[in-house]
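Visitor: I'm passing along my_file25.cif; it holds mmCIF, C-alpha atoms.
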data_query
#
loop_
_atom_site.group_PDB
_atom_site.id
_atom_site.type_symbol
_atom_site.label_atom_id
_atom_site.label_comp_id
_atom_site.auth_asym_id
_atom_site.auth_seq_id
_atom_site.Cartn_x
_atom_site.Cartn_y
_atom_site.Cartn_z
ATOM 1 C CA MET B 634 69.233 -32.689 17.800
ATOM 2 C CA PRO B 635 69.052 -36.189 19.336
ATOM 3 C CA LYS B 636 71.951 -37.699 21.271
ATOM 4 C CA ALA B 637 74.222 -40.167 19.576
ATOM 5 C CA LYS B 638 73.279 -43.771 20.188
ATOM 6 C CA GLY B 639 75.237 -45.473 22.950
ATOM 7 C CA LYS B 640 76.440 -42.232 24.591
ATOM 8 C CA THR B 641 74.100 -42.461 27.580
ATOM 9 C CA ARG B 642 74.725 -44.971 30.333
ATOM 10 C CA ARG B 643 72.286 -46.329 32.855
ATOM 11 C CA GLN B 644 72.947 -45.243 36.468
ATOM 12 C CA LYS B 645 74.068 -48.169 38.606
ATOM 13 C CA PHE B 646 73.808 -48.393 42.384
ATOM 14 C CA GLY B 647 77.152 -48.019 44.144
ATOM 15 C CA TYR B 648 77.275 -50.938 46.562
ATOM 16 C CA SER B 649 80.791 -50.108 47.691
ATOM 17 C CA VAL B 650 79.815 -46.625 48.975
ATOM 18 C CA ASN B 651 79.256 -46.264 52.707
ATOM 19 C CA ARG B 652 76.045 -44.226 52.850
ATOM 20 C CA LYS B 653 76.305 -43.580 56.592
ATOM 21 C CA ARG B 654 79.732 -41.982 56.231
ATOM 22 C CA LEU B 655 78.603 -40.078 53.145
ATOM 23 C CA ASN B 656 75.664 -38.531 55.021
ATOM 24 C CA ARG B 657 77.791 -37.751 58.077
ATOM 25 C CA ASN B 658 80.376 -35.954 55.947
ATOM 26 C CA ALA B 659 77.637 -34.026 54.138
ATOM 27 C CA ARG B 660 76.197 -32.905 57.491
ATOM 28 C CA ARG B 661 79.640 -31.887 58.733
ATOM 29 C CA LYS B 662 80.249 -29.783 55.633
ATOM 30 C CA ALA B 663 76.809 -28.172 55.823
ATOM 31 C CA VAL B 664 77.241 -26.753 59.337
ATOM 32 C CA PRO B 665 80.537 -25.001 60.067
ATOM 33 C CA ARG B 666 82.404 -26.256 63.126
ATOM 34 C CA ILE B 667 82.902 -23.738 65.914
ATOM 35 C CA GLU B 668 86.625 -23.773 66.693
ATOM 36 C CA CYS B 669 86.417 -22.184 70.160
ATOM 37 C CA SER B 670 85.578 -24.985 72.594
ATOM 38 C CA HIS B 671 83.995 -22.652 75.182
ATOM 39 C CA ILE B 672 81.510 -21.264 72.681
ATOM 40 C CA ARG B 673 80.911 -24.665 71.049
ATOM 41 C CA HIS B 674 79.882 -26.303 74.341
ATOM 42 C CA ALA B 675 77.528 -23.477 75.267
ATOM 43 C CA TRP B 676 75.946 -23.269 71.804
ATOM 44 C CA ASP B 677 72.221 -23.937 71.457
ATOM 45 C CA HIS B 678 71.361 -25.142 67.950
ATOM 46 C CA THR B 679 67.704 -24.213 68.322
ATOM 47 C CA LYS B 680 68.564 -20.501 68.575
ATOM 48 C CA SER B 681 69.954 -18.063 66.060
ATOM 49 C CA VAL B 682 73.551 -16.905 66.034
ATOM 50 C CA ARG B 683 72.612 -13.490 67.402
ATOM 51 C CA GLN B 684 70.622 -15.016 70.293
ATOM 52 C CA ASN B 685 73.400 -17.456 71.169
ATOM 53 C CA LEU B 686 76.063 -14.762 71.235
ATOM 54 C CA ALA B 687 73.827 -12.392 73.223
ATOM 55 C CA GLU B 688 73.283 -15.068 75.884
ATOM 56 C CA MET B 689 77.038 -15.496 76.199
ATOM 57 C CA GLY B 690 77.620 -11.758 76.489
ATOM 58 C CA LEU B 691 79.319 -11.526 73.093
ATOM 59 C CA ALA B 692 78.472 -9.186 70.243
ATOM 60 C CA MET B 693 77.354 -10.247 66.795
ATOM 61 C CA ASP B 694 78.299 -6.913 65.230
ATOM 62 C CA PRO B 695 81.127 -4.989 66.929
ATOM 63 C CA ASN B 696 80.046 -1.757 65.230
ATOM 64 C CA LYS B 697 76.690 -1.884 66.961
ATOM 65 C CA ALA B 698 78.108 -3.084 70.289
ATOM 66 C CA VAL B 699 80.530 -0.175 70.576
ATOM 67 C CA PRO B 700 79.176 2.600 68.373
ATOM 68 C CA LEU B 701 81.326 5.557 67.396
ATOM 69 C CA ARG B 702 80.253 8.762 69.045
ATOM 70 C CA LYS B 703 79.308 11.592 66.784
ATOM 71 C CA ARG B 704 80.719 14.863 68.008
ATOM 72 C CA LYS B 705 77.867 17.086 66.878
ATOM 73 C CA VAL B 706 74.955 15.065 68.214
ATOM 74 C CA LYS B 707 75.067 14.329 71.921
ATOM 75 C CA ALA B 708 72.944 11.533 73.316
ATOM 76 C CA MET B 709 70.481 12.525 75.972
ATOM 77 C CA GLU B 710 70.566 10.762 79.315
ATOM 78 C CA VAL B 711 67.038 9.464 78.687
ATOM 79 C CA ASP B 712 68.140 7.671 75.495
ATOM 80 C CA ILE B 713 70.985 5.925 77.291
ATOM 81 C CA GLY B 714 68.636 4.680 80.008
ATOM 82 C CA GLU B 715 66.112 3.396 77.474
ATOM 83 C CA ARG B 716 68.533 0.982 75.841
ATOM 84 C CA ARG B 717 67.574 -2.445 77.004
ATOM 85 C CA GLN B 718 70.349 -4.529 78.427
ATOM 86 C CA GLU B 719 70.254 -8.045 77.098
ATOM 87 C CA LEU B 720 70.326 -10.717 79.761
ATOM 88 C CA ILE B 721 73.557 -12.695 79.879
ATOM 89 C CA ARG B 722 72.484 -16.232 80.732
ATOM 90 C CA LYS B 723 75.868 -17.871 80.180
ATOM 91 C CA PRO B 724 78.462 -15.584 81.807
ATOM 92 C CA TYR B 725 80.862 -18.487 82.329
ATOM 93 C CA VAL B 726 81.701 -18.442 78.607
ATOM 94 C CA LEU B 727 82.877 -14.846 78.803
ATOM 95 C CA SER B 728 84.901 -15.488 81.970
ATOM 96 C CA ASP B 729 86.531 -18.579 80.374
ATOM 97 C CA LEU B 730 87.466 -16.595 77.280
ATOM 98 C CA GLU B 731 88.928 -13.771 79.383
ATOM 99 C CA ALA B 732 90.923 -16.256 81.476
ATOM 100 C CA GLU B 733 92.289 -17.924 78.348
ATOM 101 C CA ALA B 734 93.211 -14.563 76.819
ATOM 102 C CA SER B 735 95.064 -13.471 79.975
ATOM 103 C CA LEU B 736 97.393 -16.497 79.874
ATOM 104 C CA PRO B 737 100.919 -15.690 78.698
ATOM 105 C CA GLU B 738 101.602 -16.516 75.087
ATOM 106 C CA LYS B 739 103.777 -19.532 74.409
ATOM 107 C CA LYS B 740 106.922 -18.961 72.398
ATOM 108 C CA GLY B 741 106.332 -20.686 69.118
ATOM 109 C CA ASN B 742 109.611 -19.956 67.400
ATOM 110 C CA THR B 743 112.127 -22.772 67.453
ATOM 111 C CA LEU B 744 115.055 -23.780 65.324
ATOM 112 C CA SER B 745 115.119 -26.827 63.120
ATOM 113 C CA ARG B 746 116.913 -29.932 64.310
ATOM 114 C CA ASP B 747 119.163 -29.772 61.237
ATOM 115 C CA LEU B 748 120.350 -26.257 62.066
ATOM 116 C CA ILE B 749 121.049 -27.202 65.682
ATOM 117 C CA ASP B 750 123.068 -30.236 64.614
ATOM 118 C CA TYR B 751 124.923 -28.150 62.015
ATOM 119 C CA VAL B 752 125.903 -25.478 64.546
ATOM 120 C CA ARG B 753 126.977 -28.043 67.145
ATOM 121 C CA TYR B 754 129.094 -29.925 64.587
ATOM 122 C CA MET B 755 130.812 -26.749 63.394
ATOM 123 C CA VAL B 756 131.596 -25.501 66.910
ATOM 124 C CA GLU B 757 132.808 -28.944 68.030
ATOM 125 C CA ASN B 758 135.219 -29.293 65.135
ATOM 126 C CA HIS B 759 136.356 -25.709 64.520
ATOM 127 C CA GLY B 760 135.687 -23.691 67.697
ATOM 128 C CA GLU B 761 135.646 -20.004 66.733
ATOM 129 C CA ASP B 762 137.364 -20.372 63.330
ATOM 130 C CA TYR B 763 134.595 -19.290 60.951
ATOM 131 C CA LYS B 764 136.805 -19.448 57.840
ATOM 132 C CA ALA B 765 137.537 -23.125 58.523
ATOM 133 C CA MET B 766 133.814 -23.715 59.034
ATOM 134 C CA ALA B 767 133.123 -22.159 55.626
ATOM 135 C CA ARG B 768 135.605 -24.587 54.013
ATOM 136 C CA ASP B 769 134.216 -27.634 55.854
ATOM 137 C CA GLU B 770 132.652 -30.348 53.678
ATOM 138 C CA LYS B 771 129.490 -30.364 55.842
ATOM 139 C CA ASN B 772 128.836 -26.767 54.772
ATOM 140 C CA TYR B 773 126.364 -27.991 52.140
ATOM 141 C CA TYR B 774 124.731 -24.615 51.529
ATOM 142 C CA GLN B 775 128.133 -22.936 51.089
ATOM 143 C CA ASP B 776 127.513 -20.426 53.841
ATOM 144 C CA THR B 777 130.027 -17.625 54.178
ATOM 145 C CA PRO B 778 131.881 -17.167 57.497
ATOM 146 C CA LYS B 779 129.524 -14.315 58.424
ATOM 147 C CA GLN B 780 126.441 -16.433 57.682
ATOM 148 C CA ILE B 781 127.786 -19.237 59.848
ATOM 149 C CA ARG B 782 128.547 -16.781 62.646
ATOM 150 C CA ASN B 783 124.989 -15.441 62.407
ATOM 151 C CA LYS B 784 123.559 -18.973 62.608
ATOM 152 C CA ILE B 785 125.616 -19.657 65.717
ATOM 153 C CA ASN B 786 124.430 -16.371 67.265
ATOM 154 C CA VAL B 787 120.814 -17.295 66.511
ATOM 155 C CA TYR B 788 121.334 -20.628 68.257
ATOM 156 C CA LYS B 789 122.875 -18.840 71.268
ATOM 157 C CA ARG B 790 119.923 -16.433 71.432
ATOM 158 C CA PHE B 791 117.231 -19.135 71.150
ATOM 159 C CA TYR B 792 118.755 -21.663 73.548
ATOM 160 C CA PRO B 793 121.088 -19.835 75.967
ATOM 161 C CA ALA B 794 121.025 -22.547 78.668
ATOM 162 C CA GLU B 795 121.622 -25.332 76.158
ATOM 163 C CA TRP B 796 124.488 -23.333 74.607
ATOM 164 C CA GLU B 797 126.165 -22.834 77.993
ATOM 165 C CA ALA B 798 125.930 -26.554 78.749
ATOM 166 C CA PHE B 799 127.332 -27.377 75.304
ATOM 167 C CA VAL B 800 130.314 -25.010 75.678
ATOM 168 C CA HIS B 801 130.944 -26.313 79.202
ATOM 169 C CA SER B 802 130.961 -29.927 77.942
ATOM 170 C CA LEU B 803 133.414 -28.945 75.154
ATOM 171 C CA GLN B 804 135.789 -27.381 77.711
ATOM 172 C CA LYS B 805 135.460 -30.433 79.946
ATOM 173 C CA ASN B 806 136.289 -32.771 77.034
ATOM 174 C CA ALA B 807 139.281 -30.599 76.085
ATOM 175 C CA MET B 808 140.647 -30.869 79.653
ATOM 176 C CA GLU B 809 140.220 -34.656 79.683
ATOM 177 C CA VAL B 810 142.082 -35.056 76.402
ATOM 178 C CA GLU B 811 145.079 -33.059 77.652
#
Spell out the structure here as structure tokens.
Guide:
Amino acid sequence: MPKAKGKTRRQKFGYSVNRKRLNRNARRKAVPRIECSHIRHAWDHTKSVRQNLAEMGLAMDPNKAVPLRKRKVKAMEVDIGERRQELIRKPYVLSDLEAEASLPEKKGNTLSRDLIDYVRYMVENHGEDYKAMARDEKNYYQDTPKQIRNKINVYKRFYPAEWEAFVHSLQKNAMEVE
């Protein structure tokens, strides 16, 4: 059945489209970006993935790199000697990765600024009186006294030095007022 008249439109050239950017984005989507900078800098685009990883001393398939031993069949010493060792041409990549992995992990858990301000406000105004904190108008989430106490304990655990300085400044201010 033929198409209805006037339903097809002629294709027009898009003058407002930046072809250079369009092609660059298409290329970027076509080839996945290697996140690890050490591997990315040592990568040779003319070689396959397996060849690149072998040159760096990395394994493409971990199951083949470290095979499980079968208990019944024991490998003969001749078979072990016959396995060819692939030449590692870029050992610096492996050493860089090992050095990066041996660094201590940074603590990523922090408290929100709002929670810190909330705890400081409550302790400044009410001290250790959790029931008064629960009745305070700044207690927007209607926390119970136990919940407020737990939030204060979390703040103490996350920032012990900052907590000590805060308590010390409160005591100092109390002495100046008297």
Visitor: Using only C-alpha atoms, which of B:Lys697, B:Lys789, B:Lys645, B:His674 sits nearest Val726 of chain B?
Guide: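 Smallest distance to Val726 of chain B is found for B:His674.
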Visitor: Can you turn the PyMOL selection byres ((chain B and resi 685) around 12) into a concrete residue list for this file, as an mmCIF file with C-alpha atoms, in the coordinates of the input?
Guide:
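Written out: result.cif:
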data_model
loop_
_atom_site.group_PDB
_atom_site.id
_atom_site.type_symbol
_atom_site.label_atom_id
_atom_site.label_comp_id
_atom_site.auth_asym_id
_atom_site.auth_seq_id
_atom_site.Cartn_x
_atom_site.Cartn_y
_atom_site.Cartn_z
ATOM 1 C CA ILE B 672 81.510 -21.264 72.681
ATOM 2 C CA ARG B 673 80.911 -24.665 71.049
ATOM 3 C CA HIS B 674 79.882 -26.303 74.341
ATOM 4 C CA ALA B 675 77.528 -23.477 75.267
ATOM 5 C CA TRP B 676 75.946 -23.269 71.804
ATOM 6 C CA ASP B 677 72.221 -23.937 71.457
ATOM 7 C CA HIS B 678 71.361 -25.142 67.950
ATOM 8 C CA THR B 679 67.704 -24.213 68.322
ATOM 9 C CA LYS B 680 68.564 -20.501 68.575
ATOM 10 C CA SER B 681 69.954 -18.063 66.060
ATOM 11 C CA VAL B 682 73.551 -16.905 66.034
ATOM 12 C CA ARG B 683 72.612 -13.490 67.402
ATOM 13 C CA GLN B 684 70.622 -15.016 70.293
ATOM 14 C CA LEU B 686 76.063 -14.762 71.235
ATOM 15 C CA ALA B 687 73.827 -12.392 73.223
ATOM 16 C CA GLU B 688 73.283 -15.068 75.884
ATOM 17 C CA MET B 689 77.038 -15.496 76.199
ATOM 18 C CA GLY B 690 77.620 -11.758 76.489
ATOM 19 C CA LEU B 691 79.319 -11.526 73.093
ATOM 20 C CA ALA B 692 78.472 -9.186 70.243
ATOM 21 C CA MET B 693 77.354 -10.247 66.795
ATOM 22 C CA GLU B 719 70.254 -8.045 77.098
ATOM 23 C CA LEU B 720 70.326 -10.717 79.761
ATOM 24 C CA ILE B 721 73.557 -12.695 79.879
ATOM 25 C CA ARG B 722 72.484 -16.232 80.732
ATOM 26 C CA LYS B 723 75.868 -17.871 80.180
ATOM 27 C CA PRO B 724 78.462 -15.584 81.807
ATOM 28 C CA VAL B 726 81.701 -18.442 78.607
#
Visitor: What is the distance, in Å and to one decimal place, between atom CA of Asn742 of chain B and atom CA of Ala794 of chain B?
Guide: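 About the pair atom CA of Asn742 of chain B and atom CA of Ala794 of chain B: they are 16.2 Å apart.
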Visitor: Since I can't run it myself right now, could you work out what the PyMOL selection byres ((chain B and resi 795-799) around 12) selects here and report it as a count of residues only?
Guide: 25
Visitor: Taking 4 positions as the minimum chain separation for residues in the same chain, which residues sit within 10 Å of segment 764-771 of chain B when counting all atoms listed in the file? Answer as a ChimeraX atom specification.
Guide: /B:751-752,754-756,758-760,775-782
Visitor: Reconstruct N, CA and C atoms of segment 724-746 of chain B from the incomplete input and present them as an mmCIF file, in the coordinates of the input.
Guide:
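The resulting file, result.cif, is reproduced below:
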data_model
loop_
_atom_site.group_PDB
_atom_site.id
_atom_site.type_symbol
_atom_site.label_atom_id
_atom_site.label_comp_id
_atom_site.auth_asym_id
_atom_site.auth_seq_id
_atom_site.Cartn_x
_atom_site.Cartn_y
_atom_site.Cartn_z
ATOM 1 N N PRO B 724 77.284 -16.441 81.575
ATOM 2 C CA PRO B 724 78.462 -15.584 81.807
ATOM 3 C C PRO B 724 79.767 -16.377 81.921
ATOM 4 N N TYR B 725 79.653 -17.677 82.184
ATOM 5 C CA TYR B 725 80.862 -18.487 82.329
ATOM 6 C C TYR B 725 81.670 -18.551 81.032
ATOM 7 N N VAL B 726 80.992 -18.413 79.887
ATOM 8 C CA VAL B 726 81.701 -18.442 78.607
ATOM 9 C C VAL B 726 82.620 -17.226 78.502
ATOM 10 N N LEU B 727 82.096 -16.081 78.861
ATOM 11 C CA LEU B 727 82.877 -14.846 78.803
ATOM 12 C C LEU B 727 84.045 -14.898 79.774
ATOM 13 N N SER B 728 83.811 -15.409 80.988
ATOM 14 C CA SER B 728 84.901 -15.488 81.970
ATOM 15 C C SER B 728 85.971 -16.487 81.519
ATOM 16 N N ASP B 729 85.555 -17.607 80.894
ATOM 17 C CA ASP B 729 86.531 -18.579 80.374
ATOM 18 C C ASP B 729 87.382 -17.974 79.256
ATOM 19 N N LEU B 730 86.731 -17.228 78.373
ATOM 20 C CA LEU B 730 87.466 -16.595 77.280
ATOM 21 C C LEU B 730 88.455 -15.553 77.801
ATOM 22 N N GLU B 731 88.032 -14.780 78.801
ATOM 23 C CA GLU B 731 88.928 -13.771 79.383
ATOM 24 C C GLU B 731 90.105 -14.434 80.082
ATOM 25 N N ALA B 732 89.837 -15.551 80.791
ATOM 26 C CA ALA B 732 90.923 -16.256 81.476
ATOM 27 C C ALA B 732 91.914 -16.833 80.473
ATOM 28 N N GLU B 733 91.406 -17.362 79.369
ATOM 29 C CA GLU B 733 92.289 -17.924 78.348
ATOM 30 C C GLU B 733 93.111 -16.834 77.670
ATOM 31 N N ALA B 734 92.500 -15.664 77.466
ATOM 32 C CA ALA B 734 93.211 -14.563 76.819
ATOM 33 C C ALA B 734 94.281 -13.968 77.722
ATOM 34 N N SER B 735 94.094 -14.063 79.044
ATOM 35 C CA SER B 735 95.064 -13.471 79.975
ATOM 36 C C SER B 735 96.286 -14.353 80.196
ATOM 37 N N LEU B 736 96.233 -15.616 79.730
ATOM 38 C CA LEU B 736 97.393 -16.497 79.874
ATOM 39 C C LEU B 736 98.553 -15.977 79.032
ATOM 40 N N PRO B 737 99.780 -16.158 79.503
ATOM 41 C CA PRO B 737 100.919 -15.690 78.698
ATOM 42 C C PRO B 737 101.051 -16.511 77.424
ATOM 43 N N GLU B 738 101.495 -15.859 76.386
ATOM 44 C CA GLU B 738 101.602 -16.516 75.087
ATOM 45 C C GLU B 738 102.836 -17.412 75.065
ATOM 46 N N LYS B 739 102.659 -18.612 74.511
ATOM 47 C CA LYS B 739 103.777 -19.532 74.409
ATOM 48 C C LYS B 739 104.676 -19.101 73.260
ATOM 49 N N LYS B 740 105.987 -19.272 73.472
ATOM 50 C CA LYS B 740 106.922 -18.961 72.398
ATOM 51 C C LYS B 740 106.831 -20.061 71.362
ATOM 52 N N GLY B 741 106.511 -19.695 70.155
ATOM 53 C CA GLY B 741 106.332 -20.686 69.118
ATOM 54 C C GLY B 741 107.522 -20.814 68.190
ATOM 55 N N ASN B 742 108.506 -19.913 68.338
ATOM 56 C CA ASN B 742 109.611 -19.956 67.400
ATOM 57 C C ASN B 742 110.719 -20.873 67.917
ATOM 58 N N THR B 743 111.058 -21.847 67.123
ATOM 59 C CA THR B 743 112.127 -22.772 67.453
ATOM 60 C C THR B 743 113.005 -22.947 66.224
ATOM 61 N N LEU B 744 114.153 -23.512 66.440
ATOM 62 C CA LEU B 744 115.055 -23.780 65.324
ATOM 63 C C LEU B 744 114.897 -25.223 64.883
ATOM 64 N N SER B 745 115.236 -25.470 63.632
ATOM 65 C CA SER B 745 115.119 -26.827 63.120
ATOM 66 C C SER B 745 116.221 -27.697 63.705
ATOM 67 N N ARG B 746 115.940 -28.973 63.781
ATOM 68 C CA ARG B 746 116.913 -29.932 64.310
ATOM 69 C C ARG B 746 118.181 -29.937 63.460
#
